[in-house]
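Undergrad: Have a look at this one before I ask anything.
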Amino acid sequence: MISMEHYLVVSSIMFFVGIYGFIARKNLLAVLISIELILNSVEINFSVFNRYLYPEHMEGVFFSLFGIAISAAETAVAIAIMINVYRLASNIDIRHIDKLKY
Amino acid sequence: MGFSVYIILVPMLMFLVIGLGSTKLSPRAAGIFGTLGLSVSAVLSYITAFRYFFAEGLQEGIYSSITAWSVEWLRFSDKLHIDMGVLLDPISVMMLVVITTVSLMVHIYSFGYMKGERGFQRYYAFLSLFSFSMLGLVVATNIFQMYIFWELVGASSYLLIGFYYTKPAAIAASKKAFIVTRFADLGFLIGILIISFCTGTFDFGLLTADNASLAVTSMAGGSFLGLSTATWAMTLLFMGAAGKSAMFPLHIWLPDAMEGPTPVSALIHAATMVVAGVYLVARMFPLYLFAAPDVLTLITYVGAFTALFAAIIAIRQTDIKRVLAFSTISQIAYMMVALGVSGMGGHAGEGYTASMFHLFTHAFFKALLFLGAGSVIHAVHSNEMEAMGGLRKYMPVTHWTFLIACLSIAGIPPFSGFFSKDEILSAAFSHDKVVFVVLLLVAGITAFYMFRLYYRIFWGAERQYEKHPHEAPSVMFIPLVFLALLSCLTGWIPFSHFISSDSVPYDLGINWWIAAGGILVSLIGIIMATRLYRRESDLPERIASRWAGFWNAAAHRFYIDQAWLFVTKKIIFRCISTPIAWFDRHVIDGAISGLGTGTEKLSGAIKGIQSGRIQTYAAVFVWGVIIIAVCVFIF
Amino acid sequence: MEGIAQIVIFYILAVAIVACSIMAVTSRRIFRAAVYLLVVLLCTAGLYLLLNYHFLAVVQLSVYAGGILILFIFAILLTSAKGDRTEPHDKRRVVSGVLTALAGLGITSWATVKHQFLYGNNPTVLGDHETNMKVVGETLMGTGKYEYLLSFEALSILLLICAVGGILIARKR
C-alpha cells in the first residue's frame, strides 16, 4: 500500500524543480518546460487527493483533465509568442524580454 | 411697504442686465437702462419717504422702525441668524432719498461727461452695482447685512476708482482705497463679532432697543487691557466707520480716489459711500451712548482734529478735485463731531439731528460741487487750477451753480449748509467749548478755501485755452441746476421734525447767536479769499513765503502718506512680512519640496526592484508565499 | 503480491520523475530537456494508471506527450541551430533558484508529512475498479450537479481562441 504522502512528495519535488527552472533558466523554452513541470505536478496532486480522500467523486480528475487542456492552450500561445520574439531578437533569451517594467 | 425692496433690487437687476449684456448693448442703451432703473428706484424711494414720514411711520408720536421685508439668509443657532431685509426708519428713509437722488443725477450727468469713453457700458454697470450696494447698506436690518453690503460698496468703489485701468495712478489709487478700507473693515468685523458674541444677535432692533440695554447688560464686566468689552467693540466699529468715512489717520485713500471719473467722485466719494461711516455710527448710536460713552468722546476729538487738519490741507491743494476731496473729509468729520457731542432725546440729541441734517444737505451741495468741477474739467481738460481762470464768461450755468454750492458749504444763509452747520455748531457749543472753537475755525477755513477755489476757476486772468471752453451740454447742466435748487431749498426742511435721536419729533430753532458767529467767521474767510484771489496778485505768495515750512507741509498733506508708507514698508514689511515670507519660502516650501525630492530620491533608489525580469518577480513571489506559509505554520 | 508490485512500480516511476525533472531543467541542450520532459510526462501517466485513472492517463499521453511535446520540438527546431547550447547558467540565479526551491520543498514536505490525512489507510479506497468510461462521458457531457458540460464548452472555445491567437501572433507580417 503506497500512502498518499509518497505521491505528494514526488509531486512537490517536481513542482519545486519547476520553480528552480523557472527562476534559473535563461532560455524561454526551458522556462516553458519548467512551467509544464509545475502544471503537471499540480495535476498529479488533484488526482491523488481525489483518489485518496473522495474516491466516490470525480472533481479532482476533471480538474486535472481541464488543466491538461488549458496547459495545451497556453503552450500553443506561448510558443507562438516565442517564435515572434525569435524573429525580432534572433534568440529567445529571457533577459531580452524585460520591457515589462514599462 | 413691501414694495420698498424693489428700490434695491431694480439697480441689481440693471447691473446684471448691463453687466452681462455689455458687449451686446450699445452704450446709449446701457446708459438708458441704468438711468431708467435708478429713476424707478428714486420714485419708489420718494413714495416710501412720503408714506413713511407722513402716513405710516409716525405712531403715537414716535417714528417706529418698520421691517418692510425680510428673509432669513443664514442660521447659526436658534438665536443667532443673519437676515436680509429692508429696515425703514427715519435715517434709512432719508438715506434712500439722498442716495437715489444723487445717484440719478450722476447717471444723467454721466451721459454727457462719459460720452465716447471706452467701457461706457461697464461704467453704467458699476454705477448700478454701487447703487444697489449702497441702498442695501442703508436699509440693512442687521449689522451683518450691513457688513456684507459695506464690503460690496468697497468693491464697487474699487472698480470705479480703477475705471481708467490703463492709468497707473488710477490703479494705484483703487488699490490704496481698497486696502485702506479693508484694513479698517477688519476692525469693523471684529467689532461685529464681539457684539454678536456678547449679545447673541445681529439685529439692529434688538441691539438698540431700550437704550441698548441688551448690549449694556451683556457686555458688562468684561474688560481687556483696562478697557471694557463694549469700549473695545465700539472702538473697533468706529475704526471701520473711520476707514470708510476717511477719518484721520485713515483718510489717505480719499484724495487719491479722485483718480476715478468725476461723476463717480461726486456719487461715491462725496455724497454717499463716505458717509456710510457716519451712518453706521448713527445706526449704533444708542450703543455708543449707553454702552461706551468714552468712544463718543474719541469720535468727537478724532472728528474735530480731522476737520481742522483736512481744511488746512485743502487750502494748499492745486488740483480742484483734491480740494473738494479734503473738503469732503473735513465736512464728514463735522458730521462725526456732531454725533460725538450728541446726547439722547429732545434737545440733548440735537447733535444727532444736526449730523443727519448735515449729511443730507452736504450730499447735495458736495455732489453739485463735484459735478460742477466735472464740467470745468470737461471744458478745459485739466484738473489743475493753473490751467483755469476767468471761466465765468464761458460757463455761466456752471459758474452760478458752483457759486451756490460754495455759499452753501461756507454756511451763508439762506443756503442749506448754513442751517445744518449752525445746528452742529450749536450742539458743539452746548457740549464742549474747545470743539466748538475748532469747528468755528474750520468753518472759516472752509469758506476761505472754497472761495479760493471759486475765484481761481471762474475769476482771475484768462489762460491760453487750446480749445475754446464751452458750457456743458444740457444733459450735464440739468443735474447741476436741479442740485443747485436742492442746495437752496433743503435747508428749510424742519429736520428735527423727522429725525431725532429718540425718534420723537421736536422743534429745533436756529440759535442766532451762534449763527451770527458762524456767518461772521465765514464772511471773514470769504473776504480774505476775495482779497487774495479775486485778481492775480503776488500777495498769496508773500504770505506763503512767511509760513514756508507750514505751507510746504500742507502741500505734502502733512506727510501722513509718508508716515503710513514708513509704517507699512519699513516696519510691517521689514519686521513682520519679510520674516514670514522667509519662513514660508524656506521652511514651509522647503518642507513641501523636501517631501517631493525625498519621494523622488526614494523612488530612484527602489526603482531598480522593478527590473522587468519576470524571473526575479517569480522568485520574490515564491519567497513571499514561503514566508506566509511559515508564518501560518508557526503561529 | 500485487501490493508489492505496485510499490515497486511506484518507486521506479518516482525515481524516474525526480531524476528526469531535474535533468530537464538543468540540461544545457534544449532538445534533451524536451526529451526528459517527455519521460516525466510518461511517468506521470504511469502514476495515473497506478491511481486507477485510466482515462486521465490516456489524456495525459495523447495531449501532453502527443500534442504539447510535438509543439515543443517544432519550436526548438525553429528557434535553434544545430548543436546549439544555451549559455552557461548564471551563478547567482542558480543559487537563488536552488535556495528558493529547497526552502519551498522543505516547507511543503514538512507540511505534508506533519498533516494527518483522514483516509484511514483503507485499502478498499484504492480498489481495483476502473473508472467507468460511461460515467466519465456522462459527467463530462451532463448539465446537472457535478457535471461539466459548461466548463467543457468554455474550454473548447478557449482552445479555439488560443489556436486563432497563436496563428495571429506567429504569422509573418
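Going through the C-alpha cells in order, the chains are called A, B, and so on, while each chain numbers its residues from 1 and the ligands are numbered from 1 in the order shown.
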What residues in chain A lie within 8 Å of chain C, counting only C-alpha atoms, written as a tab-separated table (two decimals) with C-alpha atoms, in the first residue's frame?

TA:
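Listed below is the output, result.tsv:
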```
chain	number	residue	atom	x	y	z
A	1	MET	CA	0.00	0.00	0.00
A	2	ILE	CA	1.50	3.29	-1.14
A	3	SER	CA	0.49	6.10	1.13
A	5	GLU	CA	2.28	11.23	1.10
A	8	LEU	CA	2.64	14.25	-2.66
A	9	VAL	CA	6.36	14.27	-2.04
A	10	VAL	CA	7.05	13.29	-5.62
A	12	SER	CA	6.32	18.55	-4.57
A	13	ILE	CA	9.77	17.73	-5.84
A	14	MET	CA	8.56	18.08	-9.40
A	16	PHE	CA	9.96	22.93	-6.97
A	17	VAL	CA	12.24	21.63	-9.63
A	18	GLY	CA	9.94	23.51	-11.97
A	19	ILE	CA	10.24	26.59	-9.80
A	20	TYR	CA	14.00	26.32	-9.89
A	21	GLY	CA	13.94	26.02	-13.65
A	23	ILE	CA	13.93	31.16	-11.86
A	24	ALA	CA	17.31	29.97	-13.08
A	25	ARG	CA	16.96	29.24	-16.79
A	26	LYS	CA	17.60	31.81	-19.44
A	27	ASN	CA	16.15	30.07	-22.43
A	29	LEU	CA	11.74	27.27	-23.98
A	30	ALA	CA	13.41	25.93	-20.87
A	33	ILE	CA	9.32	23.37	-19.85
A	34	SER	CA	9.58	24.34	-16.20
A	37	LEU	CA	6.51	20.57	-14.88
A	40	ASN	CA	1.96	18.54	-14.23
A	44	ILE	CA	-0.94	14.85	-10.01
A	47	SER	CA	-5.92	13.25	-8.86
A	48	VAL	CA	-4.19	11.98	-5.75
A	51	ARG	CA	-8.44	9.18	-5.24
A	52	TYR	CA	-7.47	9.03	-1.58
A	53	LEU	CA	-9.87	11.41	0.10
A	55	PRO	CA	-12.91	8.23	-4.16
A	59	GLU	CA	-13.91	16.60	-9.34
A	61	VAL	CA	-9.92	14.12	-12.10
A	64	SER	CA	-6.73	17.64	-13.98
A	65	LEU	CA	-8.38	16.98	-17.29
A	66	PHE	CA	-9.21	20.61	-17.83
A	68	ILE	CA	-4.16	19.50	-19.22
A	69	ALA	CA	-6.33	21.12	-21.85
A	70	ILE	CA	-5.52	24.59	-20.59
A	72	ALA	CA	-2.08	22.77	-24.06
A	73	ALA	CA	-3.71	26.06	-24.99
A	74	GLU	CA	-1.18	28.05	-23.00
A	75	THR	CA	1.71	26.25	-24.60
A	76	ALA	CA	0.35	26.95	-28.06
A	77	VAL	CA	0.12	30.67	-27.40
A	78	ALA	CA	3.45	30.79	-25.57
A	79	ILE	CA	5.26	29.09	-28.39
A	80	ALA	CA	3.67	31.44	-30.89
A	81	ILE	CA	4.94	34.37	-28.84
A	83	ILE	CA	8.59	32.40	-32.37
A	84	ASN	CA	7.70	36.04	-32.69
A	86	TYR	CA	12.88	34.93	-32.04
A	91	ASN	CA	17.28	34.45	-29.94
A	92	ILE	CA	14.96	33.53	-27.15
```

Undergrad: May I have a table of the residues of region 161-274 of chain B lying at most 12 Å from region 67-77 of chain B, giving each one's closest pair of atoms and their distance in Å to one decimal, counting only C-alpha atoms, ordered by chain and ascending residue number, as a Markdown table?

TA:
```
| residue | atom | partner | partner_atom | distance |
| --- | --- | --- | --- | --- |
| B:Ser196 | CA | B:Phe76 | CA | 11.6 |
| B:Phe197 | CA | B:Phe76 | CA | 11.9 |
| B:Gly200 | CA | B:Ser77 | CA | 9.5 |
| B:Thr201 | CA | B:Ser77 | CA | 10.3 |
| B:Phe202 | CA | B:Phe76 | CA | 11.4 |
| B:Asp203 | CA | B:Thr67 | CA | 11.1 |
| B:Phe204 | CA | B:Thr67 | CA | 10.8 |
| B:Gly205 | CA | B:Thr67 | CA | 9.5 |
```

Undergrad: I want to know what sits within 10 Å of Gly119 (chain B), based on only C-alpha atoms, with residues of the same chain fewer than 6 positions away left out; could you give that as an NGL selection string?

TA: :B and (22-23 or 27 or 125 or 163-164)

Undergrad: So which one's closest to Gly345 (chain B), B:Leu298, B:Cys488, B:Ile424, B:Leu289? Using only C-alpha atoms, please.

TA: B:Leu289

Undergrad: Could you tell me how far CA of Met82 (chain A) lies from CA of Asn45 (chain A), in Å and to one decimal?

TA: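 These atoms are spaced 29.3 Å apart.
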
Undergrad: Would you tabulate, counting only C-alpha atoms, all residues of chain B that have an atom at most 12 Å from an atom of chain A, showing the closest pair of atoms and their distance in Å to one decimal, sorted by chain then ascending number, as a Markdown table?

TA:
```
| residue | atom | partner | partner_atom | distance |
| --- | --- | --- | --- | --- |
| B:Lys607 | CA | A:Lys101 | CA | 9.7 |
| B:Gly608 | CA | A:Lys101 | CA | 10.0 |
| B:Ile609 | CA | A:Lys101 | CA | 9.7 |
| B:Gln610 | CA | A:Lys101 | CA | 6.1 |
| B:Ser611 | CA | A:Lys101 | CA | 6.2 |
| B:Gly612 | CA | A:Asp98 | CA | 4.3 |
| B:Arg613 | CA | A:Asp98 | CA | 5.2 |
| B:Ile614 | CA | A:Asp98 | CA | 7.4 |
| B:Gln615 | CA | A:Ile23 | CA | 4.9 |
| B:Thr616 | CA | A:Ile23 | CA | 7.0 |
| B:Tyr617 | CA | A:Ile23 | CA | 9.0 |
| B:Ala618 | CA | A:Ile23 | CA | 6.9 |
| B:Ala619 | CA | A:Ile23 | CA | 6.3 |
| B:Val620 | CA | A:Ile23 | CA | 10.0 |
| B:Phe621 | CA | A:Ile23 | CA | 10.9 |
| B:Val622 | CA | A:Ile19 | CA | 8.5 |
| B:Trp623 | CA | A:Ile19 | CA | 11.2 |
| B:Ile626 | CA | A:Phe16 | CA | 11.9 |
```

Undergrad: Do you know which residues are at most 8 Å from Ala212 (chain B) counting only C-alpha atoms, after dropping those on the same chain fewer than 4 positions away, and could you put them as a PyMOL selection string?

TA: chain B and resi 206-208+216+286-287+290-291

Undergrad: Check the smallest atom-to-atom distance from each of C:Ile9, C:Ala111, C:Met141, C:Ile157 to chain B using only C-alpha atoms, then report the winner.

TA: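 Among the listed residues, C:Ala111 lies closest to chain B.
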
Undergrad: Of the candidates C:Ile70, C:Ile12, C:Ile107, C:Met133, which shows the shortest atom-to-atom distance to chain B, using only C-alpha atoms?

TA: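 Of all the options, C:Ile107 lies closest to chain B.
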